[in-house]
Amino acid sequence: MGISQHLLIIGGTGFLGYHAVQECLNRGWQVTALGLPPAPPPGLFPETVQVLLQDIAQTSDQDLLDLLAGHQALVFAAGLDDRAIQKRPAYPAFEKANVEMPRRVLTLARQAGVQRAVVLGSYFCHFHRLHPEWRLAERHPYIRSRLEQERVATSIPGLEVSVLELPYIFGSYPVPGWKPLWLPLVRYLRSSKIIFFMKGGTACITARTAGRAIAAALERGGSKCYPIGQENLTWSEMLIRIGLADGRRVRVVNLPSRLVRLGTHGLWLLHHLQGLEHGLDPRHYAAIQTSETFIDPSRSQSALGYELDELDEAFEATVRVC
């Protein structure tokens with residue numbers, strides 16, 4: 001990369017932030033990792049990485065400008081994810097975290113002299129473009145916020161911002177006590193040799209592949225959105241391979257989609273009566289989950305030039321910490 005450049009990763013002490021730090025260090029970046037308390041365990045990062053613990057939502061514009069000064073690049077790996085359940089209506093919470101915060105940070109970054117940035121987004125945005133008949137933005141507050149995030153991020157004057165549309169991610173994070181979001185699924189797989197699950201499938205990547213894509217986008221990305229994929233698996237294929245990674249052979253029986261929808265409608269009703277709202281509306285989310293939300297990884301991989309990792313190794317790393 002030539003002369004070493006300075007990179008700030010907001011969310012750098014988290015799961016994806018950790019892998020982004022490692023890959024960017026490998027490419028010669030000088031990295032500052034900013035995250036929320038508590039402090040990461042000693043030795044998580046090399047001594048060359050500056051670790052800052054700070055809530056940017058509580059930081060003034062001037063202090064943010066001071067923080068951003070001297071950095072040539074930025075990764076925004078923070079935000080509110082799709083599992084969050086909010087008081088109804090949910091959208092204002094998602095808008096604040098996923099739209100207004102990156103808008104503020106990216107605008108200040110441009111003022112501070114940052115030249116390029118990468119924002120971590122969601123593969124649901126890719127399917128919003130691919131399947132407008134699914135009405136994803138209309139039906140799901142989380143997806144609406146991610147789409148608005150993309151619009152905002154790629155329209156900051158004078159700042160080149162790549163948005164990575166990430167699917168489901170597997171891998172490890174060497175922090176004691178950390179558990180992946182896949183913990184309930186792994187426990188379910190361990191409960192029986194016969195597993196009942198929905199039809200459909202999804203794109204999957206490893207955390208290391210995500211880190212490589214982030215590093216590559218910093219160096220080769222443009223102001224556009226990149227759907228990131230690695231392998232497309234039906235849910236049955238995924239469950240069988242995760243089971244094998246855990247030393248188990250399972251048989252998957254697909255549930256009728258109508259039964260899945262009935263269950264998710266019941267979940268929606270329960271939370272609706274409590275005045276709560278999901279980021280992904282359960283009444284309509286079943287239709288997504290029982291579809292094959294597959295991504296052709298070749299276009300983004302060719303444009304950015306990142307290498308893929310071994311998905312089965314990531315499955316093994318995931319089950320080891322469950």
# chains A, B, ... in the order shown; residues from 1 in each chain; ligands from 1
$ closest_atom_pairs --of "region 78-150 of chain A" --to "region 161-184 of chain A" --cutoff "8 Å" --atoms "only C-alpha atoms" --output "Markdown table"
| residue | atom | partner | partner_atom | distance |
| --- | --- | --- | --- | --- |
| A:Arg116 | CA | A:Val161 | CA | 5.8 |
| A:Ala117 | CA | A:Val161 | CA | 4.7 |
| A:Val118 | CA | A:Ser162 | CA | 4.8 |
| A:Val119 | CA | A:Val163 | CA | 4.8 |
| A:Leu120 | CA | A:Leu164 | CA | 5.1 |
| A:Gly121 | CA | A:Glu165 | CA | 4.7 |
| A:Ser122 | CA | A:Glu165 | CA | 4.3 |
| A:Tyr123 | CA | A:Glu165 | CA | 4.4 |
| A:Phe124 | CA | A:Glu165 | CA | 7.6 |
| A:Cys125 | CA | A:Glu165 | CA | 7.0 |
| A:His126 | CA | A:Glu165 | CA | 7.0 |
| A:Glu150 | CA | A:Val163 | CA | 6.7 |
$ residues_around --residues "Thr202 (chain A)" --least-positions-apart "5" --cutoff "10 Å" --atoms "only C-alpha atoms" --output "VMD selection string"
chain A and resid 167 to 168 229 231 to 235 238 288 to 295
$ select_by_dssp --residues "region 49-270 of chain A" --states "helix (DSSP H, G or I)" --output "PyMOL selection string"
chain A and resi 56-58+61-68+91-111+124-130+132-134+136-139+141-153+183-191+207-220+235-245+257-270
$ residues_around --residues "region 88-104 of chain A" --least-positions-apart "4" --cutoff "6 Å" --atoms "only C-alpha atoms" --output "list in words"
Gly79, Leu80, Pro141, Ser145, Gln149, Gly275, Leu276 and Glu277 of chain A
$ write_last_selection --atoms "N, CA and C atoms" --output "PDB file, in the first residue's frame"
ATOM      1  N   GLY A  79     -24.001  -0.050  14.944  1.00  0.00           N
ATOM      2  CA  GLY A  79     -25.402   0.066  14.563  1.00  0.00           C
ATOM      3  C   GLY A  79     -26.277  -0.882  15.349  1.00  0.00           C
ATOM      4  N   LEU A  80     -27.552  -0.872  15.017  1.00  0.00           N
ATOM      5  CA  LEU A  80     -28.567  -1.692  15.686  1.00  0.00           C
ATOM      6  C   LEU A  80     -28.933  -2.841  14.751  1.00  0.00           C
ATOM      7  N   PRO A 141     -38.884  -2.457   9.676  1.00  0.00           N
ATOM      8  CA  PRO A 141     -38.164  -1.241  10.083  1.00  0.00           C
ATOM      9  C   PRO A 141     -36.654  -1.366   9.964  1.00  0.00           C
ATOM     10  N   SER A 145     -34.242   0.965   7.561  1.00  0.00           N
ATOM     11  CA  SER A 145     -33.119   1.757   8.075  1.00  0.00           C
ATOM     12  C   SER A 145     -31.832   1.458   7.321  1.00  0.00           C
ATOM     13  N   GLN A 149     -29.681   3.993   5.189  1.00  0.00           N
ATOM     14  CA  GLN A 149     -28.259   4.094   5.496  1.00  0.00           C
ATOM     15  C   GLN A 149     -27.424   4.086   4.218  1.00  0.00           C
ATOM     16  N   GLY A 275     -46.882  -4.049  23.193  1.00  0.00           N
ATOM     17  CA  GLY A 275     -46.455  -2.749  22.701  1.00  0.00           C
ATOM     18  C   GLY A 275     -45.073  -2.748  22.092  1.00  0.00           C
ATOM     19  N   LEU A 276     -44.635  -3.893  21.604  1.00  0.00           N
ATOM     20  CA  LEU A 276     -43.290  -4.030  21.058  1.00  0.00           C
ATOM     21  C   LEU A 276     -43.346  -4.292  19.557  1.00  0.00           C
ATOM     22  N   GLU A 277     -42.226  -4.025  18.883  1.00  0.00           N
ATOM     23  CA  GLU A 277     -42.143  -4.240  17.442  1.00  0.00           C
ATOM     24  C   GLU A 277     -40.763  -4.755  17.075  1.00  0.00           C
TER      25      GLU A 277
END
$ closest_residue --among "A:Gly221, A:Pro132, A:Gly201, A:Gly11" --to "Gly305 (chain A)" --atoms "only C-alpha atoms"
A:Gly221
$ closest_residue --among "A:Ala33, A:Ala112, A:Leu52, A:Leu267" --to "His19 (chain A)" --atoms "only C-alpha atoms"
A:Ala33
$ closest_residue --among "A:Leu308, A:Ala137, A:Ala77, A:Leu25" --to "Gly12 (chain A)" --atoms "only C-alpha atoms"
A:Ala77
$ closest_atom_pairs --of "region 125-226 of chain A" --to "region 239-255 of chain A" --cutoff "10 Å" --atoms "only C-alpha atoms" --output "CSV"
residue,atom,partner,partner_atom,distance
A:Leu185,CA,A:Leu239,CA,8.7
A:Val186,CA,A:Ile242,CA,7.8
A:Leu189,CA,A:Gly243,CA,6.5
A:Arg190,CA,A:Arg248,CA,7.8
A:Ser192,CA,A:Val250,CA,7.6
A:Lys193,CA,A:Val250,CA,4.6
A:Ile194,CA,A:Arg251,CA,4.8
A:Ile195,CA,A:Val252,CA,4.7
A:Phe196,CA,A:Val253,CA,4.8
A:Phe197,CA,A:Asn254,CA,5.1
A:Met198,CA,A:Leu255,CA,5.0
A:Lys199,CA,A:Asn254,CA,5.6
A:Gly200,CA,A:Asn254,CA,9.2
$ write_last_selection --atoms "C-alpha atoms" --output "mmCIF file, in the first residue's frame"
data_model
loop_
_atom_site.group_PDB
_atom_site.id
_atom_site.type_symbol
_atom_site.label_atom_id
_atom_site.label_comp_id
_atom_site.auth_asym_id
_atom_site.auth_seq_id
_atom_site.Cartn_x
_atom_site.Cartn_y
_atom_site.Cartn_z
ATOM 1 C CA LEU A 185 -29.414 -23.109 16.818
ATOM 2 C CA VAL A 186 -26.399 -25.163 17.913
ATOM 3 C CA LEU A 189 -28.935 -29.359 16.860
ATOM 4 C CA ARG A 190 -27.528 -31.008 19.963
ATOM 5 C CA SER A 192 -31.934 -34.515 18.764
ATOM 6 C CA LYS A 193 -30.796 -36.468 15.725
ATOM 7 C CA ILE A 194 -33.940 -35.390 13.873
ATOM 8 C CA ILE A 195 -34.290 -31.619 13.377
ATOM 9 C CA PHE A 196 -37.411 -29.855 12.175
ATOM 10 C CA PHE A 197 -36.663 -26.698 10.238
ATOM 11 C CA MET A 198 -38.040 -24.454 7.521
ATOM 12 C CA LYS A 199 -37.461 -24.690 3.784
ATOM 13 C CA GLY A 200 -35.373 -22.116 1.937
#
$ residues_around --residues "Asp82 (chain A)" --least-positions-apart "4" --cutoff "7 Å" --atoms "only C-alpha atoms" --output "list in words"
Tyr142, Gly279 and Leu280 of chain A
$ select_by_dssp --residues "region 21-210 of chain A" --states "strand (DSSP E or B)" --output "JSON, numbers by chain"
{"A": [30, 31, 32, 33, 34, 35, 50, 51, 52, 53, 73, 74, 75, 76, 85, 86, 87, 116, 117, 118, 119, 120, 121, 122, 160, 161, 162, 163, 164, 165, 166, 168, 169, 170, 194, 195, 196, 197, 201, 202, 203, 204, 205, 206]}
$ write_last_selection --atoms "N, CA and C atoms" --output "tab-separated table (two decimals), in the first residue's frame"
chain	number	residue	atom	x	y	z
A	30	GLN	N	-2.26	1.41	9.79
A	30	GLN	CA	-2.14	1.74	11.20
A	30	GLN	C	-3.56	1.89	11.74
A	31	VAL	N	-3.95	1.05	12.69
A	31	VAL	CA	-5.36	0.92	13.05
A	31	VAL	C	-5.64	1.44	14.45
A	32	THR	N	-6.72	2.21	14.55
A	32	THR	CA	-7.32	2.58	15.82
A	32	THR	C	-8.68	1.89	15.90
A	33	ALA	N	-8.90	1.12	16.97
A	33	ALA	CA	-10.16	0.40	17.16
A	33	ALA	C	-10.95	1.09	18.26
A	34	LEU	N	-12.12	1.59	17.90
A	34	LEU	CA	-12.98	2.28	18.87
A	34	LEU	C	-14.19	1.40	19.18
A	35	GLY	N	-14.48	1.24	20.46
A	35	GLY	CA	-15.62	0.43	20.86
A	35	GLY	C	-16.18	0.88	22.19
A	50	GLN	N	-4.18	1.00	18.55
A	50	GLN	CA	-4.69	1.87	19.60
A	50	GLN	C	-6.15	1.54	19.85
A	51	VAL	N	-6.49	1.22	21.09
A	51	VAL	CA	-7.86	0.87	21.45
A	51	VAL	C	-8.46	2.01	22.26
A	52	LEU	N	-9.61	2.50	21.80
A	52	LEU	CA	-10.32	3.58	22.49
A	52	LEU	C	-11.70	3.08	22.89
A	53	LEU	N	-12.10	3.38	24.12
A	53	LEU	CA	-13.43	3.01	24.61
A	53	LEU	C	-14.24	4.29	24.75
A	73	ALA	N	-8.81	6.90	6.53
A	73	ALA	CA	-9.92	6.00	6.20
A	73	ALA	C	-10.70	5.66	7.46
A	74	LEU	N	-11.93	5.20	7.24
A	74	LEU	CA	-12.85	4.91	8.33
A	74	LEU	C	-13.67	3.67	7.99
A	75	VAL	N	-13.90	2.82	9.00
A	75	VAL	CA	-14.87	1.72	8.88
A	75	VAL	C	-15.94	1.94	9.93
A	76	PHE	N	-17.18	1.92	9.51
A	76	PHE	CA	-18.31	2.05	10.44
A	76	PHE	C	-18.92	0.67	10.60
A	85	ILE	N	-35.62	-5.76	19.44
A	85	ILE	CA	-37.06	-5.55	19.59
A	85	ILE	C	-37.25	-4.25	20.34
A	86	GLN	N	-38.04	-3.34	19.76
A	86	GLN	CA	-38.19	-2.00	20.31
A	86	GLN	C	-39.64	-1.75	20.70
A	87	LYS	N	-39.84	-0.69	21.51
A	87	LYS	CA	-41.20	-0.22	21.74
A	87	LYS	C	-41.76	0.28	20.42
A	116	ARG	N	-11.80	8.01	2.47
A	116	ARG	CA	-12.65	6.90	2.05
A	116	ARG	C	-13.16	6.17	3.28
A	117	ALA	N	-14.28	5.48	3.11
A	117	ALA	CA	-14.91	4.79	4.23
A	117	ALA	C	-15.61	3.53	3.75
A	118	VAL	N	-15.81	2.63	4.69
A	118	VAL	CA	-16.60	1.41	4.45
A	118	VAL	C	-17.65	1.33	5.54
A	119	VAL	N	-18.89	1.10	5.15
A	119	VAL	CA	-20.00	0.92	6.08
A	119	VAL	C	-20.50	-0.52	5.95
A	120	LEU	N	-20.69	-1.17	7.10
A	120	LEU	CA	-21.20	-2.53	7.08
A	120	LEU	C	-22.72	-2.51	7.11
A	121	GLY	N	-23.32	-3.07	6.07
A	121	GLY	CA	-24.76	-3.07	5.94
A	121	GLY	C	-25.33	-4.47	5.90
A	122	SER	N	-26.48	-4.63	5.27
A	122	SER	CA	-27.20	-5.89	5.29
A	122	SER	C	-27.53	-6.40	3.90
A	160	GLU	N	-15.67	9.00	-0.50
A	160	GLU	CA	-15.97	7.76	-1.20
A	160	GLU	C	-16.32	6.69	-0.17
A	161	VAL	N	-17.56	6.20	-0.22
A	161	VAL	CA	-18.05	5.25	0.78
A	161	VAL	C	-18.55	3.98	0.09
A	162	SER	N	-17.98	2.85	0.49
A	162	SER	CA	-18.46	1.55	0.03
A	162	SER	C	-19.32	0.94	1.12
A	163	VAL	N	-20.46	0.39	0.73
A	163	VAL	CA	-21.34	-0.30	1.67
A	163	VAL	C	-21.27	-1.79	1.36
A	164	LEU	N	-20.92	-2.60	2.36
A	164	LEU	CA	-20.86	-4.04	2.19
A	164	LEU	C	-22.15	-4.65	2.72
A	165	GLU	N	-22.88	-5.31	1.85
A	165	GLU	CA	-24.16	-5.94	2.22
A	165	GLU	C	-23.87	-7.37	2.65
A	166	LEU	N	-23.78	-7.56	3.97
A	166	LEU	CA	-23.29	-8.81	4.53
A	166	LEU	C	-24.44	-9.76	4.87
A	168	TYR	N	-25.39	-13.90	6.55
A	168	TYR	CA	-25.10	-14.57	7.81
A	168	TYR	C	-23.62	-14.93	7.89
A	169	ILE	N	-23.05	-14.76	9.09
A	169	ILE	CA	-21.59	-14.84	9.25
A	169	ILE	C	-21.25	-15.85	10.35
A	170	PHE	N	-20.23	-16.66	10.08
A	170	PHE	CA	-19.77	-17.66	11.03
A	170	PHE	C	-18.29	-17.44	11.33
A	194	ILE	N	-32.97	-35.82	14.89
A	194	ILE	CA	-33.94	-35.39	13.87
A	194	ILE	C	-34.32	-33.94	14.16
A	195	ILE	N	-34.08	-33.06	13.20
A	195	ILE	CA	-34.29	-31.62	13.38
A	195	ILE	C	-35.40	-31.16	12.44
A	196	PHE	N	-36.34	-30.43	12.98
A	196	PHE	CA	-37.41	-29.85	12.17
A	196	PHE	C	-37.06	-28.40	11.88
A	197	PHE	N	-37.07	-28.06	10.61
A	197	PHE	CA	-36.66	-26.70	10.24
A	197	PHE	C	-37.38	-26.31	8.96
A	201	GLY	N	-33.21	-21.10	2.11
A	201	GLY	CA	-31.77	-21.10	2.32
A	201	GLY	C	-31.22	-19.69	2.29
A	202	THR	N	-29.90	-19.59	2.44
A	202	THR	CA	-29.29	-18.28	2.59
A	202	THR	C	-27.85	-18.29	2.10
A	203	ALA	N	-27.33	-17.10	1.85
A	203	ALA	CA	-25.90	-16.93	1.61
A	203	ALA	C	-25.18	-16.90	2.95
A	204	CYS	N	-23.96	-17.43	2.98
A	204	CYS	CA	-23.16	-17.48	4.20
A	204	CYS	C	-21.73	-17.03	3.88
A	205	ILE	N	-21.09	-16.44	4.85
A	205	ILE	CA	-19.66	-16.13	4.73
A	205	ILE	C	-19.00	-16.39	6.08
A	206	THR	N	-17.68	-16.41	6.07
A	206	THR	CA	-16.93	-16.49	7.33
A	206	THR	C	-16.58	-15.08	7.79
$ residues_around --residues "Leu67 (chain A)" --least-positions-apart "4" --cutoff "12 Å" --atoms "only C-alpha atoms" --output "list of chain:residue names"
A:His6, A:Leu7, A:Leu8, A:Ile9, A:Ile10, A:Thr32, A:Ala33, A:Leu34, A:Gln50, A:Leu52, A:Leu53, A:Gln54, A:Ile56, A:Thr59, A:Ser60, A:Asp61, A:Gln62, A:Asp63, A:His71, A:Leu74, A:Val105, A:Leu108, A:Ala109, A:Gln111, A:Ala112, A:Gly113, A:Val114
